[in-house]
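Shown next: start09.pdb, given as PDB, C-alpha atoms.
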MODEL        1
ATOM      1  CA  MET H 158      36.673 -41.404 -24.923
ATOM      2  CA  HIS H 159      33.218 -39.856 -25.305
ATOM      3  CA  ILE H 160      31.773 -36.659 -23.865
ATOM      4  CA  GLN H 161      28.417 -34.953 -24.311
ATOM      5  CA  LEU H 162      29.045 -31.749 -26.261
ATOM      6  CA  ASN H 163      26.111 -29.374 -26.616
ATOM      7  CA  GLY H 164      23.677 -32.267 -26.154
ATOM      8  CA  GLU H 165      25.336 -34.691 -28.580
ATOM      9  CA  THR H 166      27.707 -37.593 -27.985
ATOM     10  CA  TYR H 167      31.148 -36.473 -29.146
ATOM     11  CA  PRO H 168      34.117 -38.854 -29.499
ATOM     12  CA  LEU H 169      37.619 -37.721 -28.569
ATOM     13  CA  SER H 170      40.687 -39.725 -29.563
ATOM     14  CA  GLU H 171      42.536 -38.537 -26.452
ATOM     15  CA  ALA H 172      41.865 -36.856 -23.122
ATOM     16  CA  LEU H 173      41.917 -33.080 -23.510
ATOM     17  CA  SER H 174      41.759 -30.029 -21.310
ATOM     18  CA  VAL H 175      38.988 -27.510 -21.910
ATOM     19  CA  ALA H 176      41.593 -25.382 -23.735
ATOM     20  CA  GLY H 177      42.520 -28.405 -25.868
ATOM     21  CA  LEU H 178      38.876 -29.040 -26.711
ATOM     22  CA  LEU H 179      38.407 -25.416 -27.795
ATOM     23  CA  GLU H 180      41.528 -25.717 -29.970
ATOM     24  CA  HIS H 181      40.176 -28.972 -31.437
ATOM     25  CA  LEU H 182      36.860 -27.230 -32.201
ATOM     26  CA  GLN H 183      38.735 -24.268 -33.735
ATOM     27  CA  LEU H 184      37.283 -21.938 -31.091
ATOM     28  CA  ALA H 185      40.537 -21.013 -29.341
ATOM     29  CA  GLY H 186      40.813 -17.265 -28.847
ATOM     30  CA  ARG H 187      37.136 -16.657 -29.512
ATOM     31  CA  ARG H 188      34.639 -15.295 -27.008
ATOM     32  CA  VAL H 189      33.031 -18.414 -25.592
ATOM     33  CA  ALA H 190      31.558 -19.606 -22.330
ATOM     34  CA  VAL H 191      32.160 -23.183 -21.234
ATOM     35  CA  GLU H 192      30.036 -25.174 -18.808
ATOM     36  CA  LEU H 193      31.361 -28.515 -17.549
ATOM     37  CA  ASN H 194      28.935 -30.791 -15.732
ATOM     38  CA  PHE H 195      26.571 -27.847 -15.141
ATOM     39  CA  GLU H 196      29.300 -25.582 -13.672
ATOM     40  CA  ILE H 197      30.801 -22.582 -15.496
ATOM     41  CA  VAL H 198      34.545 -22.999 -16.072
ATOM     42  CA  PRO H 199      36.458 -19.730 -15.604
ATOM     43  CA  ARG H 200      38.688 -18.893 -18.578
ATOM     44  CA  SER H 201      41.685 -18.880 -16.218
ATOM     45  CA  LEU H 202      41.106 -22.623 -15.577
ATOM     46  CA  TYR H 203      40.694 -23.826 -19.182
ATOM     47  CA  GLU H 204      44.250 -25.275 -19.318
ATOM     48  CA  ALA H 205      44.024 -26.935 -15.906
ATOM     49  CA  THR H 206      40.538 -28.430 -16.346
ATOM     50  CA  HIS H 207      40.798 -31.874 -17.935
ATOM     51  CA  LEU H 208      37.868 -33.706 -19.475
ATOM     52  CA  LYS H 209      36.900 -37.224 -18.417
ATOM     53  CA  GLU H 210      34.756 -39.943 -19.959
ATOM     54  CA  GLY H 211      31.088 -38.990 -19.846
ATOM     55  CA  ASP H 212      31.585 -35.318 -19.013
ATOM     56  CA  VAL H 213      28.789 -32.992 -20.104
ATOM     57  CA  VAL H 214      30.142 -29.917 -21.866
ATOM     58  CA  GLU H 215      28.253 -26.923 -23.211
ATOM     59  CA  VAL H 216      30.117 -24.366 -25.310
ATOM     60  CA  VAL H 217      28.345 -21.113 -26.170
ATOM     61  CA  GLN H 218      29.898 -18.602 -28.538
ATOM     62  CA  ALA H 219      29.178 -14.905 -28.104
ATOM     63  CA  ILE H 220      27.930 -13.299 -31.299
ATOM     64  CA  GLY H 221      27.717  -9.542 -31.586
ATOM     65  CA  GLY H 222      25.104  -7.692 -33.522
ATOM     66  CA  GLY H 223      22.868  -4.768 -33.364
TER      67      GLY H 223
ENDMDL
END

Show me, as structure tokens, the structure contained in the file I just sent.
Amino acid sequence: MHIQLNGETYPLSEALSVAGLLEHLQLAGRRVAVELNFEIVPRSLYEATHLKEGDVVEVVQAIGGG
């Protein structure tokens, strides 16, 4: 299966939820925002939102500074 992740084609060996993708990317538990097919996915729906072939995903990580 292939998705578009942050503008690049990204292969996945299995279908994942948004939570599973974040775990795969080693971003689980970090402050991130996820957009799926141009819609923001609420954190409360990460487990229930499953990715499909061709989905467009943007993951943005919050970085603090001052």

Inset, instruction - Work out how far apart CA of Glu180 (chain H) and CA of Thr166 (chain H) are and give it in Å to one decimal. - result: 18.3 Å

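Distances to Val214 (chain H) were evaluated for H:Met158, H:Leu193, H:Leu173, H:Gly164 using all atoms listed in the file, and the minimum falls at H:Leu193.
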
Inset, instruction - Using all atoms listed in the file, find the one residue out of H:Glu204, H:Glu210, H:Glu192, H:Glu215 that sits nearest to Ala176 (chain H). - result: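 Of all the options, H:Glu204 lies closest to Ala176 (chain H).
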
Inset, instruction - To verify the selection step, state as a list in words which residues the PyMOL selection byres ((chain H and resi 202) around 12) yields on this input. - result: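 In the shown coordinates, the PyMOL selection byres ((chain H and resi 202) around 12) covers Ser174, Val175, Ala176, Gly177, Val191, Glu192, Leu193, Ile197, Val198, Pro199, Arg200, Ser201, Tyr203, Glu204, Ala205, Thr206 and His207 of chain H.
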
Legend entry - Nearest to Leu178 (chain H), chosen from H:Ala190, H:Leu208, H:Asn163, H:Phe195, with all atoms listed in the file counted in the distances: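 So, comparing all the options, the nearest one is H:Leu208.
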
Inset, instruction - For CA of Lys209 (chain H) and CA of Leu182 (chain H), quote the distance in Å rounded to one decimal. - result: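 Interatomic distance here is 17.0 Å.
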
Inset, instruction - Identify, on the basis of only C-alpha atoms, every residue whose closest approach to Val189 (chain H) does not exceed 9 Å; exclude the query and any residue fewer than 4 positions from it along the same chain; express the result as a list of chain:residue names. - result: H:Leu184, H:Ala185, H:Val216, H:Val217, H:Gln218, H:Ala219

Could those selected residues go to a file with C-alpha atoms, as a CSV table (one decimal), in the frame of the given file?
chain,number,residue,atom,x,y,z
H,184,LEU,CA,37.3,-21.9,-31.1
H,185,ALA,CA,40.5,-21.0,-29.3
H,216,VAL,CA,30.1,-24.4,-25.3
H,217,VAL,CA,28.3,-21.1,-26.2
H,218,GLN,CA,29.9,-18.6,-28.5
H,219,ALA,CA,29.2,-14.9,-28.1

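Closest approach to Tyr167 (chain H) among H:Gly221, H:Glu196, H:Arg188, H:His181: H:His181, based on all atoms listed in the file.
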